[in-house]
>>> print(open('query21.cif').read())   # mmCIF, C-alpha atoms
data_upload
#
loop_
_atom_site.label_atom_id
_atom_site.label_comp_id
_atom_site.auth_asym_id
_atom_site.auth_seq_id
_atom_site.Cartn_x
_atom_site.Cartn_y
_atom_site.Cartn_z
CA MET A 1 63.93 -9.73 -76.95
CA SER A 2 62.84 -13.12 -78.27
CA ALA A 3 59.62 -13.45 -76.25
CA LYS A 4 57.47 -11.92 -73.52
CA PHE A 5 56.92 -13.54 -70.14
CA ASP A 6 53.31 -14.69 -69.73
CA PRO A 7 52.67 -16.15 -66.24
CA TYR A 8 49.52 -17.90 -67.45
CA ASP A 9 51.56 -20.11 -69.76
CA GLU A 10 53.97 -21.19 -67.04
CA ASP A 11 54.18 -24.28 -64.83
CA TRP A 12 53.78 -23.10 -61.23
CA GLN A 13 54.75 -26.37 -59.55
CA PRO A 14 57.72 -26.03 -57.17
CA PHE A 15 61.11 -27.19 -58.40
CA VAL A 16 62.17 -30.47 -56.77
CA THR A 17 65.86 -30.40 -57.69
CA GLN A 18 68.55 -27.77 -58.21
CA ALA A 19 69.11 -29.26 -61.66
CA GLY A 20 65.49 -28.41 -62.48
CA CYS A 21 66.12 -24.78 -61.48
CA GLU A 22 69.24 -24.64 -63.63
CA ASP A 23 67.49 -26.16 -66.63
CA TYR A 24 64.68 -23.62 -66.36
CA LEU A 25 67.12 -20.70 -66.33
CA LYS A 26 68.99 -22.07 -69.35
CA CYS A 27 65.76 -22.44 -71.33
CA ALA A 28 64.53 -19.00 -70.20
CA ARG A 29 67.80 -17.42 -71.33
CA GLU A 30 67.21 -18.70 -74.85
CA ARG A 31 63.49 -17.97 -74.83
CA PHE A 32 63.86 -14.33 -73.79
CA GLY A 33 67.05 -13.67 -75.71
CA VAL A 34 69.12 -12.45 -72.76
CA LEU A 35 72.77 -13.13 -71.97
CA ASN A 36 72.34 -14.60 -68.49
CA LEU A 37 69.92 -15.17 -65.63
CA SER A 38 70.96 -15.54 -62.00
CA TYR A 39 69.23 -16.37 -58.71
CA TRP A 40 70.55 -16.12 -55.14
CA HIS A 41 68.54 -17.55 -52.25
CA LEU A 42 69.71 -15.70 -49.14
CA GLU A 43 69.38 -16.27 -45.41
CA GLY A 44 70.02 -13.68 -42.73
CA THR A 45 69.75 -9.90 -43.00
CA PRO A 46 71.23 -7.29 -45.38
CA GLY A 47 74.98 -7.10 -44.83
CA HIS A 48 74.89 -10.37 -42.84
CA TRP A 49 73.69 -12.90 -45.37
CA GLU A 50 74.42 -16.54 -44.55
CA ARG A 51 74.36 -19.86 -46.43
CA PRO A 52 73.50 -18.47 -49.88
CA HIS A 53 72.44 -20.74 -52.73
CA TRP A 54 73.46 -19.51 -56.18
CA ILE A 55 72.02 -20.74 -59.46
CA SER A 56 72.82 -19.07 -62.75
CA THR A 57 73.68 -19.45 -66.41
CA TYR A 58 77.04 -17.74 -65.90
CA ASP A 59 80.27 -19.41 -66.93
CA ARG A 60 81.24 -21.86 -64.16
CA ALA A 61 84.79 -20.51 -64.10
CA TYR A 62 83.43 -17.02 -63.43
CA MET A 63 81.19 -18.28 -60.62
CA ALA A 64 84.19 -19.98 -58.98
CA LEU A 65 86.30 -16.84 -59.38
CA TYR A 66 83.58 -14.64 -57.90
CA GLN A 67 83.15 -16.85 -54.85
CA GLU A 68 86.89 -17.15 -54.31
CA HIS A 69 87.94 -13.52 -54.77
CA PHE A 70 84.80 -11.42 -54.45
CA HIS A 71 82.49 -12.90 -51.86
CA PHE A 72 78.90 -11.68 -52.17
CA GLN A 73 79.14 -10.19 -48.67
CA GLY A 74 81.49 -7.62 -50.16
CA ASP A 75 79.27 -6.88 -53.13
CA SER A 76 77.72 -3.52 -52.34
CA GLY A 77 75.05 -4.20 -54.95
CA PHE A 78 73.32 -6.62 -52.58
CA ASN A 79 73.06 -4.14 -49.74
CA LEU A 80 72.12 -1.25 -52.03
CA ALA A 81 69.33 -3.26 -53.66
CA PHE A 82 67.69 -4.18 -50.37
CA ARG A 83 67.70 -0.60 -49.09
CA ARG A 84 64.95 0.54 -51.46
CA PRO A 85 61.84 -0.92 -53.13
CA ILE A 86 63.00 -0.65 -56.76
CA PRO A 87 65.20 -2.89 -58.92
CA LEU A 88 68.92 -2.20 -59.15
CA ASP A 89 70.46 -1.09 -62.43
CA TRP A 90 73.99 -2.51 -62.49
CA ASN A 91 75.28 0.92 -63.49
CA GLU A 92 74.28 2.14 -60.02
CA ALA A 93 76.38 -0.52 -58.30
CA ARG A 94 79.41 0.25 -60.45
CA ALA A 95 79.13 3.98 -59.84
CA GLY A 96 79.21 3.58 -56.08
CA ASP A 97 81.97 1.00 -55.65
CA ASP A 98 85.33 0.81 -57.45
CA ASP A 99 85.76 -2.87 -56.51
CA VAL A 100 82.39 -3.73 -58.04
CA SER A 101 83.28 -1.79 -61.16
CA GLU A 102 86.59 -3.63 -61.50
CA PHE A 103 84.96 -7.04 -61.08
CA HIS A 104 82.34 -6.18 -63.70
CA HIS A 105 85.21 -5.63 -66.13
CA VAL A 106 86.57 -9.06 -65.21
CA ALA A 107 83.11 -10.55 -65.78
CA GLU A 108 83.12 -9.31 -69.37
CA ASP A 109 86.03 -11.68 -70.06
CA PHE A 110 83.62 -14.52 -69.26
CA GLY A 111 80.91 -13.40 -71.67
CA ILE A 112 78.90 -11.38 -69.15
CA GLY A 113 77.59 -8.08 -70.50
CA PRO A 114 77.91 -4.78 -68.62
CA HIS A 115 74.18 -4.12 -68.45
CA GLY A 116 71.69 -5.79 -66.17
CA ILE A 117 68.91 -5.47 -63.60
CA SER A 118 68.82 -7.11 -60.18
CA TYR A 119 65.51 -7.62 -58.38
CA PRO A 120 65.59 -7.87 -54.56
CA ILE A 121 62.86 -10.15 -53.25
CA VAL A 122 61.56 -10.54 -49.69
CA ASP A 123 58.62 -12.95 -49.61
CA SER A 124 55.70 -13.22 -47.19
CA ARG A 125 57.77 -15.37 -44.81
CA GLY A 126 60.67 -12.95 -44.74
CA ARG A 127 62.91 -15.06 -46.97
CA ALA A 128 65.14 -13.05 -49.27
CA ALA A 129 66.44 -13.63 -52.78
CA MET A 130 68.09 -11.75 -55.60
CA PHE A 131 67.18 -12.40 -59.25
CA SER A 132 69.30 -10.80 -61.98
CA VAL A 133 68.95 -10.44 -65.73
CA ASN A 134 71.99 -9.71 -67.92
CA PHE A 135 71.33 -8.12 -71.31
CA ASP A 136 73.25 -8.00 -74.57
CA CYS A 137 73.13 -4.37 -75.74
CA THR A 138 75.15 -1.22 -76.24
CA ASP A 139 75.25 1.70 -73.80
CA GLY A 140 73.00 3.66 -76.16
CA GLU A 141 70.41 0.86 -76.40
CA TRP A 142 70.32 0.19 -72.67
CA PRO A 143 67.90 2.89 -71.37
CA GLU A 144 65.10 1.88 -73.76
CA LEU A 145 65.72 -1.85 -73.30
CA ARG A 146 65.57 -1.44 -69.52
CA ARG A 147 62.40 0.64 -69.70
CA ASN A 148 60.63 -1.88 -71.96
CA ASN A 149 61.56 -4.98 -69.96
CA ILE A 150 61.91 -4.03 -66.31
CA GLY A 151 58.29 -4.99 -65.54
CA GLN A 152 58.11 -8.40 -67.19
CA PHE A 153 61.40 -9.57 -65.68
CA GLY A 154 60.24 -8.40 -62.27
CA LEU A 155 57.31 -10.78 -62.60
CA LEU A 156 59.64 -13.54 -63.80
CA ALA A 157 61.84 -12.93 -60.74
CA HIS A 158 58.96 -13.46 -58.31
CA PHE A 159 57.65 -16.40 -60.33
CA PHE A 160 61.01 -18.16 -60.18
CA HIS A 161 61.36 -17.48 -56.45
CA GLU A 162 57.90 -18.92 -55.78
CA ARG A 163 58.96 -22.15 -57.53
CA ALA A 164 62.46 -22.32 -56.03
CA ARG A 165 62.06 -21.18 -52.44
CA ALA A 166 60.71 -24.48 -51.07
CA LEU A 167 63.76 -26.27 -52.44
CA PHE A 168 66.12 -24.18 -50.31
CA ALA A 169 63.88 -23.29 -47.36
CA PRO A 170 61.10 -25.89 -47.11
CA GLY A 171 58.08 -25.15 -45.00
CA VAL A 172 54.35 -24.61 -45.14
CA CYS A 173 53.21 -21.10 -46.01
CA ARG A 174 50.62 -19.37 -43.89
CA PRO A 175 47.12 -19.35 -45.38
CA HIS A 176 46.17 -16.08 -47.02
CA LYS A 177 43.08 -14.03 -46.23
CA PRO A 178 40.38 -14.35 -48.92
CA LEU A 179 40.30 -11.60 -51.54
CA SER A 180 37.16 -9.76 -52.62
CA VAL A 181 35.93 -9.79 -56.21
CA ARG A 182 37.28 -6.28 -56.81
CA GLU A 183 40.66 -7.15 -55.30
CA LEU A 184 40.92 -10.19 -57.57
CA GLU A 185 39.91 -8.11 -60.59
CA THR A 186 42.60 -5.52 -59.98
CA LEU A 187 45.25 -8.24 -59.71
CA LYS A 188 43.93 -9.95 -62.83
CA TRP A 189 44.33 -6.81 -64.92
CA ALA A 190 47.71 -6.06 -63.32
CA ALA A 191 48.84 -9.51 -64.43
CA ALA A 192 47.72 -8.61 -67.95
CA GLY A 193 50.06 -5.62 -67.85
CA LYS A 194 47.41 -2.92 -67.30
CA THR A 195 48.21 0.23 -65.35
CA SER A 196 45.98 1.47 -62.53
CA TRP A 197 44.52 4.03 -64.93
CA GLU A 198 43.73 1.39 -67.57
CA THR A 199 42.25 -0.95 -64.96
CA ALA A 200 40.06 1.86 -63.67
CA ALA A 201 38.70 2.46 -67.18
CA ILE A 202 38.03 -1.26 -67.71
CA LEU A 203 36.23 -1.75 -64.38
CA GLY A 204 34.42 1.60 -64.38
CA LEU A 205 36.14 2.70 -61.17
CA SER A 206 38.27 5.65 -60.16
CA GLU A 207 42.01 5.21 -60.26
CA ARG A 208 42.05 5.87 -56.52
CA SER A 209 39.66 2.94 -55.96
CA VAL A 210 41.85 0.66 -58.04
CA ARG A 211 44.87 1.57 -55.93
CA PHE A 212 42.79 0.96 -52.80
CA TYR A 213 41.77 -2.54 -53.88
CA THR A 214 45.31 -3.32 -55.01
CA GLU A 215 46.78 -2.31 -51.67
CA ASN A 216 44.16 -4.42 -49.87
CA ALA A 217 45.14 -7.43 -51.98
CA ILE A 218 48.83 -6.87 -51.30
CA ASN A 219 48.20 -6.73 -47.55
CA LYS A 220 45.92 -9.78 -47.49
CA LEU A 221 48.47 -11.85 -49.41
CA ALA A 222 51.29 -10.65 -47.15
CA ALA A 223 53.12 -9.52 -50.28
CA ARG A 224 55.76 -6.80 -50.51
CA SER A 225 54.64 -5.42 -53.87
CA LYS A 226 51.93 -5.59 -56.52
CA THR A 227 54.14 -7.81 -58.65
CA GLN A 228 54.59 -10.30 -55.83
CA ALA A 229 50.85 -10.23 -55.07
CA VAL A 230 50.12 -11.08 -58.71
CA ALA A 231 52.61 -13.95 -58.57
CA ILE A 232 51.02 -15.35 -55.39
CA ALA A 233 47.51 -15.02 -56.82
CA ILE A 234 48.40 -16.84 -60.02
CA LYS A 235 50.23 -19.61 -58.18
CA GLY A 236 47.22 -20.08 -55.89
CA ALA A 237 44.85 -20.18 -58.89
CA MET A 238 43.01 -17.13 -57.51
CA ILE A 239 43.11 -15.49 -60.93
CA ASN A 240 43.36 -17.01 -64.39
#
>>> encode(input="query21.cif", output="structure tokens")
Amino acid sequence: MSAKFDPYDEDWQPFVTQAGCEDYLKCARERFGVLNLSYWHLEGTPGHWERPHWISTYDRAYMALYQEHFHFQGDSGFNLAFRRPIPLDWNEARAGDDDVSEFHHVAEDFGIGPHGISYPIVDSRGRAAMFSVNFDCTDGEWPELRRNNIGQFGLLAHFFHERARALFAPGVCRPHKPLSVRELETLKWAAAGKTSWETAAILGLSERSVRFYTENAINKLAARSKTQAVAIAIKGAMIN
């Protein structure tokens, strides 16, 4: 990997054009040394998505082929990803669907690698998105590469969605409940990559207390995960 994602060094202003979204993904692809980055903004419910917006660094010919012959509604990876709270390893999607497996082979003809992670996102207003990262590696290198990068790209996924969502679904977000000092501290150290155990040692608390404050922060921010809560807190300048 060429770099690590640091949310404190990023511009959190919303994108104002689709071209701005595309330019960011192209630059991020080079910065992080990955093959491709992709973002779907979805409307509707799992299995019944409507009016999707797709932005990616994929070959345009591949994107046209996918939309013509393999509509995302038939991509079991979408439905599988939104059925559980963890990212989707592309190997899982291929293993469960022969059509998906076949189309992944077609994708390789367009410079798309076989390994990737897709992050399902449902924000505080119920809007859904899918952010995917495509890596350049061998089968043997993949497990370690996934393990070392799954966290930072999860944060990047929520960061990008926070900047892009207003472009495709404009509206004013509900105000969040104020966070306590401890709740802010736990998010601050989570943003720095610390585990609950490490945060507990830093703050002089029990690990159970850290998890308690983290859950409170997630609930107050109407987030679906700790990663999303961190993204919301940074965007709102609650932590720095």
>>> atom_distance(input="query21.cif", atom1="atom CA of A:Glu10", atom2="atom CA of A:Asn219")
24.9 Å
>>> atom_distance(input="query21.cif", atom1="atom CA of A:Ala233", atom2="atom CA of A:Pro85")
20.4 Å
>>> residues_around(input="query21.cif", residues="A:Lys26", least_positions_apart="2", cutoff="12 Å", atoms="all atoms listed in the file", output="list in words")
Ala19, Gly20, Cys21, Glu22, Asp23, Tyr24, Ala28, Arg29, Glu30, Arg31, Phe32, Gly33, Val34, Leu35, Asn36, Leu37, Ser38, Ile55, Ser56, Thr57, Tyr58 and Asp59 of chain A
>>> resolve_selection(input="query21.cif", expression="the PyMOL selection byres ((chain A and resi 188) around 10)", output="list in words")
Arg182, Glu183, Leu184, Glu185, Thr186, Leu187, Trp189, Ala190, Ala191, Ala192, Gly193, Lys194, Thr199, Val230, Ala233, Ile234, Met238, Ile239 and Asn240 of chain A
>>> atom_distance(input="query21.cif", atom1="atom CA of A:Arg60", atom2="atom CA of A:Ser132")
16.4 Å
>>> residues_around(input="query21.cif", residues="A:His115", least_positions_apart="4", cutoff="7 Å", atoms="all atoms listed in the file", output="list in words")
Trp90, Asn134 and Phe135 of chain A
>>> resolve_selection(input="query21.cif", expression="the PyMOL selection byres ((chain A and resi 128) around 9)", output="list in words")
Trp40, His41, Leu42, Glu43, Gly44, Thr45, Pro120, Ile121, Val122, Asp123, Arg125, Gly126, Arg127, Ala129 and Met130 of chain A
>>> resolve_selection(input="query21.cif", expression="the PyMOL selection byres ((chain A and resi 16) around 9)", output="list in words")
Gln13, Pro14, Phe15, Thr17, Gln18, Ala19, Gly20, Cys21, Arg163, Ala164, Ala166 and Leu167 of chain A
>>> closest_residue(input="query21.cif", among="A:Ile112, A:Val210, A:Ala201, A:Leu179", to="A:Ala229", atoms="only C-alpha atoms")
A:Leu179
>>> residues_around(input="query21.cif", residues="A:Glu92", least_positions_apart="5", cutoff="10 Å", atoms="only C-alpha atoms", output="PyMOL selection string")
chain A and resi 77+80-81+97+101+117
